[in-house]
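**Q** The structure follows.
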Amino acid sequence: MFAPQPIGFVKSPYTETSAIPKGLNAKHDAEGVLEILPEFAAGLKDVEGFSHLFVLWVFDRSEGFDLVGAPPVDNRPHGVFSTRSPRRPNPIGLTVVELLRRERNSLLVRGVDMLEGTPILDIKPYMSSIPAEKLRRGWLAEAESAFVDPSRGLHSE
Ligand SMILES: C[S@@+](CC[C@H](N)C(=O)[O-])C[C@H]1O[C@@H](n2cnc3c(N)ncnc32)[C@H](O)[C@@H]1O
């Protein structure tokens, strides 16, 4: 194993978890900055060419974990490894963000769902070669099909 070391920190508009959009109709379009520490900045070479990035980060304000729990979007319990719960045995978050631009060792991005000051563990270019028709969304698909968005009527994603 290794001792994780932050490569940087998130500048986010969110200082409280309650402010971060949640639920089936949640839109994650908040802008933020991934500030990479100077000693890791050389690793950003060529990142500008990618439209989207995977960001791996630490749920540093989460304590403990639940192997089974009901997520906010469903009232049925699910195993932690079939959810995106912050309460996990290894408190690692994964967010796909859109890269808007780079300014030296700062990446301006859209789509943050992390709190201000969240430690960043890694950044990788986003790629997916899995065709949409091959993706299954498990229990989430059932929760979505039962969901009625008051602003849009029946939710159909
Ligand atoms: C449902 S998790 C999903 C995070 C990520 N997209 C993932 O899939 O791993 C997002 C929630 O994590 C919580 N959160 C965000 N930053 C956090 C932090 N630094 N420490 C603990 N909880 C955090 C907030 O409540 C936010 O709504």
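Lettering and numbering for the structure tokens are positional, with chains as A, B, ... in the shown order, residues counted from 1 in each chain, and ligands counted from 1 in the shown order.
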Can you tell me which residues come within 7 Å of ligand 1 when counting only C-alpha atoms and all ligand atoms, ideally as a ChimeraX atom specification?

**A** /A:17-18,20-22,58-62,84-86,92-95,113-115,118

**Q** Create the file for the chosen residues now, containing C-alpha atoms and written as a compact mmCIF listing (two decimals), in the first residue's frame.

**A**
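To be explicit, this is the file written out as part.txt:
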```txt
# COMPACT_ATOMS: atom_id res chain seq x y z
CA THR A 17 -22.64 19.78 2.03
CA SER A 18 -26.27 20.96 2.15
CA ILE A 20 -24.37 20.74 -3.10
CA PRO A 21 -27.21 19.69 -5.44
CA LYS A 22 -28.49 16.18 -4.66
CA VAL A 58 -10.75 12.55 -0.54
CA PHE A 59 -14.03 12.79 1.39
CA ASP A 60 -11.99 14.50 4.10
CA ARG A 61 -15.07 15.65 6.05
CA SER A 62 -16.73 12.25 6.14
CA ARG A 84 -21.67 7.09 -4.58
CA SER A 85 -22.00 7.54 -0.81
CA PRO A 86 -19.35 9.69 0.94
CA ILE A 92 -12.27 8.34 -2.15
CA GLY A 93 -14.47 10.48 -4.42
CA LEU A 94 -14.53 10.40 -8.22
CA THR A 95 -15.94 13.28 -10.25
CA ASP A 113 -19.50 18.45 -6.35
CA MET A 114 -16.76 18.74 -3.71
CA LEU A 115 -16.48 21.05 -0.73
CA THR A 118 -11.12 19.12 -0.70
```

**Q** Mind the document's chain letters and residue numbers, and return as JSON, numbers by chain the residues of region 8-154 of chain A that DSSP labels strand (DSSP E or B).

**A** {"A": [8, 9, 10, 11, 31, 32, 33, 34, 35, 36, 52, 53, 54, 55, 56, 57, 58, 68, 69, 78, 79, 92, 93, 94, 95, 96, 97, 98, 99, 100, 101, 102, 103, 106, 107, 108, 109, 110, 119, 120, 121, 122, 123, 124, 125, 148, 149, 153, 154]}

**Q** Out of region 8-138 of chain A, which residues get helix (DSSP H, G or I) from DSSP, as a PyMOL selection string?

**A** chain A and resi 17-19+38-44+47-49+80-82+132-134+138

**Q** Point out the residue among A:Val33, A:Arg87, A:Ala42, A:Leu24 with the least atom-to-atom distance to Ala143 (chain A), counting only C-alpha atoms.

**A**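 Checking each candidate against Ala143 (chain A), we get A:Leu24 as the closest.
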
**Q** Just want the 9 Å neighbourhood of region 37-40 of chain A, counted on only C-alpha atoms, with same-chain residues fewer than 3 positions away dropped. Output as a PDB file with N, CA and C atoms, in the first residue's frame.

**A**
```pdb
ATOM      1  N   PRO A   6      -1.934  14.528  -1.089  1.00  0.00           N
ATOM      2  CA  PRO A   6      -2.668  15.385  -2.026  1.00  0.00           C
ATOM      3  C   PRO A   6      -1.731  15.984  -3.076  1.00  0.00           C
ATOM      4  N   ILE A   7      -2.219  16.041  -4.324  1.00  0.00           N
ATOM      5  CA  ILE A   7      -1.459  16.745  -5.363  1.00  0.00           C
ATOM      6  C   ILE A   7      -1.969  18.182  -5.485  1.00  0.00           C
ATOM      7  N   GLY A   8      -3.048  18.483  -4.772  1.00  0.00           N
ATOM      8  CA  GLY A   8      -3.616  19.837  -4.809  1.00  0.00           C
ATOM      9  C   GLY A   8      -4.923  19.872  -4.048  1.00  0.00           C
ATOM     10  N   PHE A   9      -5.634  20.979  -4.192  1.00  0.00           N
ATOM     11  CA  PHE A   9      -6.878  21.177  -3.444  1.00  0.00           C
ATOM     12  C   PHE A   9      -7.915  21.845  -4.357  1.00  0.00           C
ATOM     13  N   GLY A  43       3.270  17.888 -14.075  1.00  0.00           N
ATOM     14  CA  GLY A  43       2.398  16.779 -14.495  1.00  0.00           C
ATOM     15  C   GLY A  43       1.179  17.233 -15.269  1.00  0.00           C
ATOM     16  N   LEU A  44       0.943  18.551 -15.334  1.00  0.00           N
ATOM     17  CA  LEU A  44      -0.211  19.061 -16.083  1.00  0.00           C
ATOM     18  C   LEU A  44       0.104  19.251 -17.566  1.00  0.00           C
ATOM     19  N   ASN A 105      -0.755  26.511 -12.829  1.00  0.00           N
ATOM     20  CA  ASN A 105      -1.040  25.253 -12.110  1.00  0.00           C
ATOM     21  C   ASN A 105      -2.481  25.165 -11.609  1.00  0.00           C
ATOM     22  N   SER A 106      -3.363  25.972 -12.227  1.00  0.00           N
ATOM     23  CA  SER A 106      -4.774  25.920 -11.856  1.00  0.00           C
ATOM     24  C   SER A 106      -5.600  25.455 -13.049  1.00  0.00           C
TER      25      SER A 106
END
```
